[in-house]
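Asks: Have a look at this one before I ask anything.
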Amino acid sequence: MTNPPPGYSVRAATWDDLDAVGKLLVAADLADLGEQDFFIEELQDDWRQPQLDMATDTWLVKSNGEACAYTWLLGRNSHRDLDSWGVVHPEHRGRGLGAFLLDMVERRAAEHGALVPPGERAKLLFHTLAVDGAARELLLGRRFDLVRH
């Protein structure tokens with residue numbers, strides 16, 4: 001899927017989106033864990049990673065000005081190790097946003113993979129919460145292996 005589901009738009013996240021993405025992550029924590037596990041300083045640290053190009057490695061999905069979903073992909077170790085995670089706001093789940101974001105991550109991961117030294121491979125890890133059964137099923141359906149939880 002190259003476009004988000006109808007009614008949604010996507011663009012790279014910017015520092016101006018910090019609070020909106022933070023609120024999205026807190027809403028997901030409260031729905032999934034019953035308490036806040038995320039703090040804005042973590043997102044700030046993530047966005048300060050020298051390997052992260054926010055223009056090409058973050059995706060923010062919005063509807064009516066509201067942050068509805070977010071994901072990122074971080075390439076490390078000369079593009080060999082690719083780490084990703086994402087979240088969909090609880091009120092916007094079940095609408096194809098997770099699959100759309102995974103499409104974006106997989107497409108960008110292939111671009112990172114093309115930069116891996118000859119004879120080596122990139123490894124994509126997509127992190128999710130253990131309680132997020134829908135994300136687990138989506139990833140398993142895309143032939144990801146469950147590594148741990």
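We label chains A, B, ... in the order they appear in the structure tokens, count residues from 1 in each chain, and number ligands from 1 in the order shown.
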From a DSSP calculation on the backbone, collect every residue of chain A in strand (DSSP E) and output the set as number ranges by chain.

Replies: A: 9-11, 58-63, 66-76, 81-88, 123-127

Asks: Sorted by chain and rising residue number, list the residues of segment 79-125 of chain A at most 10 Å from segment 28-33 of chain A (counting only C-alpha atoms), each with its closest atom pair and distance in Å to one decimal, as a Markdown table.

Replies:
| residue | atom | partner | partner_atom | distance |
| --- | --- | --- | --- | --- |
| A:Val87 | CA | A:Ala28 | CA | 7.1 |
| A:Val88 | CA | A:Ala28 | CA | 7.2 |
| A:His89 | CA | A:Ala28 | CA | 5.7 |
| A:Pro90 | CA | A:Ala28 | CA | 5.9 |
| A:Glu91 | CA | A:Ala28 | CA | 9.3 |

Asks: Restricted to N, CA and C atoms, what would the selected residues look like written as a PDB file, in the first residue's frame?

Replies:
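After the write, out_24.pdb holds the following:
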ATOM      1  N   VAL A  87       3.167   2.714  16.412  1.00  0.00           N
ATOM      2  CA  VAL A  87       1.983   2.703  17.248  1.00  0.00           C
ATOM      3  C   VAL A  87       0.821   3.338  16.495  1.00  0.00           C
ATOM      4  N   VAL A  88      -0.351   2.809  16.744  1.00  0.00           N
ATOM      5  CA  VAL A  88      -1.590   3.368  16.205  1.00  0.00           C
ATOM      6  C   VAL A  88      -2.447   3.784  17.396  1.00  0.00           C
ATOM      7  N   HIS A  89      -2.984   4.982  17.330  1.00  0.00           N
ATOM      8  CA  HIS A  89      -3.853   5.473  18.404  1.00  0.00           C
ATOM      9  C   HIS A  89      -5.011   4.486  18.583  1.00  0.00           C
ATOM     10  N   PRO A  90      -5.385   4.189  19.817  1.00  0.00           N
ATOM     11  CA  PRO A  90      -6.453   3.210  20.057  1.00  0.00           C
ATOM     12  C   PRO A  90      -7.750   3.510  19.304  1.00  0.00           C
ATOM     13  N   GLU A  91      -8.078   4.769  19.120  1.00  0.00           N
ATOM     14  CA  GLU A  91      -9.324   5.124  18.422  1.00  0.00           C
ATOM     15  C   GLU A  91      -9.230   4.940  16.913  1.00  0.00           C
TER      16      GLU A  91
END

Asks: Of the candidates A:Arg95, A:Arg121, A:Pro6, A:Asp17, which shows the shortest atom-to-atom distance to Gly65 of chain A, using only C-alpha atoms?

Replies: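 Of A:Arg95, A:Arg121, A:Pro6, A:Asp17, the one nearest Gly65 of chain A is A:Asp17, counting only C-alpha atoms.
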
Asks: Calculate how many Å separate atom CA of Arg76 of chain A from atom CA of Ala12 of chain A, rounding to one decimal.

Replies: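 So the answer is 19.5 Å.
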